[in-house]
Amino acid sequence: MLAYEVVPLEDFSKEFGLSTDLSSVSIGGQVVNVSDEFFAEAYQLLLPPVSLAKQYGPNGELYSGWETRRHNPTYDWCTIKLGTTGIITGFDIDTTHFSGNEAPEASVDAAYEFPNEETMWEGILPKVRLGPSRRHLYKIPATGQATYVRIRIYPDGGIARFRVYGHITPVFPANPVEPFDLAHIFTGGKVVTTSNDHFGSSSNLLLPGRGKDMGDGWETKRSYTKDHQDWVTIKLGVPGYLSTAVIDTIHFKGNFPESCDIRGINSQDIAPDANSDDWKTILSPIKLAPHRMHFFRLSSPCEQYTHVKVSIYPDGGIKRIRIIGTMAAKYGADVADITTQADGKYQNTSIIVEEGWEVIED
């Protein structure tokens, strides 16, 4: 019998706060196949929440989510390609706005390779009961590496949103002395603490690309307090030697920070104390400009760091942060082992910092 735990909604941050939504469209998650989507298309499962209450189309009332036709004798299914390979630890199956037409039950399977008729799906969440118009959170034991999931609903009906939580399998450069972005979400970078996420989540800072508008960056609320600052702490994917920071304020034109600075620390803690005296300045306070990509050379390139703390003055918004460097010698020596495990599921693939970007060399 597959093990799982029902997580109360109020415990979401406790259980999934340090996890990544592996199915997020912002990192490349997408629906690749579906058995039926007569009333509502399955791609909406991965989108931000939207209400279409009392709106109608040619097939009936519109719902923001996935809804299949009635009278299925078995089950309907939807296959999702995760944004990147990862270890799955839980799900959010959301039936918001589906009441009387919600799917009564659901289960989840996983696969590593692109699924076909011969794919041996591995069950990771057994059949669970769903209720109308609410979120259902489930925690499971950590799986093996997965790239695809299949959600099955019994026998048919609708689901508003589906989220797959877990931890990204990081990919490092084949050459351990090659510079790369140690803070990037695909190399294991993670935001662990922040002062304020009022208008935009700090986790957006590490996403691929430059985004589409202010909504997919980090923006804090206005402050009128003298000498105010906001900050974000980023745990790097691996300890490393840091050479360059990229601070991108694209789309932030009247609400960009006046200035910023960066500190680094070498710590065994997941989230070091933001006020610790052990933080070392690697970029002194420097002016920022609107709607622009800034490249800054960092000091102390021969010292090893595990985390960076980026502070903005006094408040405002940033789209992306990139921390370019090389992995520490200990990790560099082991990178071949990290990327070529016996099961063959890791790939020794070089990281491209980002198309159109550059690493500043001496």
# chains A, B, ... in the order shown; residues from 1 in each chain; ligands from 1
>>> residues_around(residues="Gly316 in chain A", least_positions_apart="6", cutoff="8 Å", atoms="only C-alpha atoms", output="PDB file with C-alpha atoms, in the first residue's frame")
ATOM      1  CA  GLU A 219       8.758  43.293  -5.320  1.00  0.00           C
ATOM      2  CA  THR A 220       8.452  44.534  -1.736  1.00  0.00           C
ATOM      3  CA  LYS A 221       5.936  46.970  -0.295  1.00  0.00           C
ATOM      4  CA  ARG A 222       6.726  50.670   0.018  1.00  0.00           C
ATOM      5  CA  ASN A 255       9.585  50.946  -8.565  1.00  0.00           C
ATOM      6  CA  PHE A 256      13.179  49.700  -8.878  1.00  0.00           C
ATOM      7  CA  PRO A 257      15.445  49.844  -5.794  1.00  0.00           C
TER       8      PRO A 257
END
>>> residues_around(residues="Glu113 in chain A", least_positions_apart="4", cutoff="8 Å", atoms="only C-alpha atoms", output="VMD selection string")
chain A and resid 119 147 to 148
>>> write_last_selection(atoms="C-alpha atoms", output="PDB file, in the first residue's frame")
ATOM      1  CA  THR A 119       5.867   2.796 -20.059  1.00  0.00           C
ATOM      2  CA  THR A 147      10.332  13.798 -15.163  1.00  0.00           C
ATOM      3  CA  TYR A 148       6.676  12.994 -15.891  1.00  0.00           C
TER       4      TYR A 148
END
>>> closest_residue(among="A:His251, A:Lys319, A:Val6, A:Met1", to="Ser203 in chain A", atoms="only C-alpha atoms")
A:Lys319
>>> closest_residue(among="A:Ser223, A:Ser195, A:Thr95, A:Asn175", to="Ser311 in chain A", atoms="only C-alpha atoms")
A:Ser195
>>> residues_around(residues="range 266-274 of chain A", least_positions_apart="3", cutoff="10 Å", atoms="only C-alpha atoms", output="PyMOL selection string")
chain A and resi 18+190-195+231-235+239-240+277-280+303-309
>>> closest_residue(among="A:Phe252, A:Tyr43, A:Phe162, A:Trp66", to="Glu102 in chain A", atoms="only C-alpha atoms")
A:Trp66
>>> residues_around(residues="Asp156 in chain A", least_positions_apart="3", cutoff="9 Å", atoms="only C-alpha atoms", output="PDB file with C-alpha atoms, in the first residue's frame")
ATOM      1  CA  GLU A  67     -13.016  18.967 -16.788  1.00  0.00           C
ATOM      2  CA  THR A  68     -13.945  15.829 -18.698  1.00  0.00           C
ATOM      3  CA  ARG A  69     -17.294  14.651 -20.038  1.00  0.00           C
ATOM      4  CA  ARG A  70     -19.635  12.464 -17.988  1.00  0.00           C
ATOM      5  CA  HIS A  71     -20.228   8.696 -17.770  1.00  0.00           C
ATOM      6  CA  ASN A  72     -16.661   7.390 -18.072  1.00  0.00           C
ATOM      7  CA  PRO A  73     -16.686   3.661 -17.128  1.00  0.00           C
ATOM      8  CA  THR A  74     -13.044   3.698 -15.907  1.00  0.00           C
ATOM      9  CA  TYR A  75     -11.031   6.902 -15.392  1.00  0.00           C
ATOM     10  CA  ASP A  76      -9.645   9.960 -17.166  1.00  0.00           C
ATOM     11  CA  TRP A  77      -5.988  10.928 -17.101  1.00  0.00           C
ATOM     12  CA  ASN A 101     -18.807  18.407 -10.993  1.00  0.00           C
ATOM     13  CA  GLU A 102     -15.545  17.811  -9.123  1.00  0.00           C
ATOM     14  CA  ALA A 103     -13.648  14.580  -9.668  1.00  0.00           C
ATOM     15  CA  PRO A 104     -14.600  12.276  -6.739  1.00  0.00           C
ATOM     16  CA  GLU A 105     -11.200  10.540  -6.542  1.00  0.00           C
ATOM     17  CA  ARG A 152      -5.888   9.966 -12.898  1.00  0.00           C
ATOM     18  CA  ILE A 153      -9.407  10.980 -11.879  1.00  0.00           C
TER      19      ILE A 153
END
>>> select_by_dssp(residues="range 79-173 of chain A", states="strand (DSSP E or B)", output="PyMOL selection string")
chain A and resi 79-94+102+105-111+122-129+135-139+145-154+158-159+161-168
>>> residues_around(residues="Gly254 in chain A", least_positions_apart="4", cutoff="12 Å", atoms="only C-alpha atoms", output="list of chain:residue names")
A:Met214, A:Glu219, A:Arg222, A:Thr249, A:Ile250, A:Glu258, A:Ala289, A:Pro290, A:His291, A:Asp315, A:Gly316, A:Gly317, A:Ile318
>>> select_by_dssp(residues="range 162-217 of chain A", states="helix (DSSP H, G or I)", output="PyMOL selection string")
chain A and resi 185-187+202-206+214-216
>>> write_last_selection(atoms="N, CA, C and O atoms", output="compact mmCIF listing (two decimals), in the first residue's frame")
# COMPACT_ATOMS: atom_id res chain seq x y z
N ILE A 185 17.77 28.14 -10.33
CA ILE A 185 16.91 27.09 -9.80
C ILE A 185 17.30 25.73 -10.33
O ILE A 185 17.21 24.72 -9.62
N PHE A 186 17.82 25.65 -11.57
CA PHE A 186 18.18 24.36 -12.15
C PHE A 186 19.51 23.83 -11.65
O PHE A 186 19.86 22.68 -11.89
N THR A 187 20.30 24.65 -10.98
CA THR A 187 21.54 24.16 -10.37
C THR A 187 21.36 23.97 -8.86
O THR A 187 22.35 23.77 -8.14
N SER A 202 9.90 36.25 -3.84
CA SER A 202 11.35 36.26 -4.00
C SER A 202 11.86 35.01 -4.71
O SER A 202 12.95 35.02 -5.29
N SER A 203 11.10 33.93 -4.68
CA SER A 203 11.52 32.72 -5.39
C SER A 203 11.58 32.93 -6.89
O SER A 203 12.29 32.21 -7.60
N ASN A 204 10.88 33.95 -7.40
CA ASN A 204 10.94 34.26 -8.84
C ASN A 204 12.33 34.69 -9.28
O ASN A 204 12.67 34.59 -10.47
N LEU A 205 13.14 35.17 -8.34
CA LEU A 205 14.46 35.72 -8.69
C LEU A 205 15.37 34.71 -9.37
O LEU A 205 16.27 35.09 -10.11
N LEU A 206 15.13 33.42 -9.14
CA LEU A 206 16.04 32.38 -9.61
C LEU A 206 15.50 31.63 -10.83
O LEU A 206 16.12 30.67 -11.29
N MET A 214 6.22 42.61 -14.44
CA MET A 214 6.60 42.74 -13.03
C MET A 214 6.06 41.60 -12.17
O MET A 214 6.60 41.32 -11.10
N GLY A 215 5.01 40.95 -12.64
CA GLY A 215 4.36 39.92 -11.84
C GLY A 215 5.22 38.70 -11.59
O GLY A 215 4.96 37.94 -10.64
N ASP A 216 6.26 38.46 -12.40
CA ASP A 216 7.10 37.30 -12.16
C ASP A 216 8.50 37.69 -11.69
O ASP A 216 9.49 37.03 -11.98
>>> closest_residue(among="A:Gly217, A:Ile27, A:Ile151, A:Cys260", to="Ala106 in chain A", atoms="only C-alpha atoms")
A:Ile151
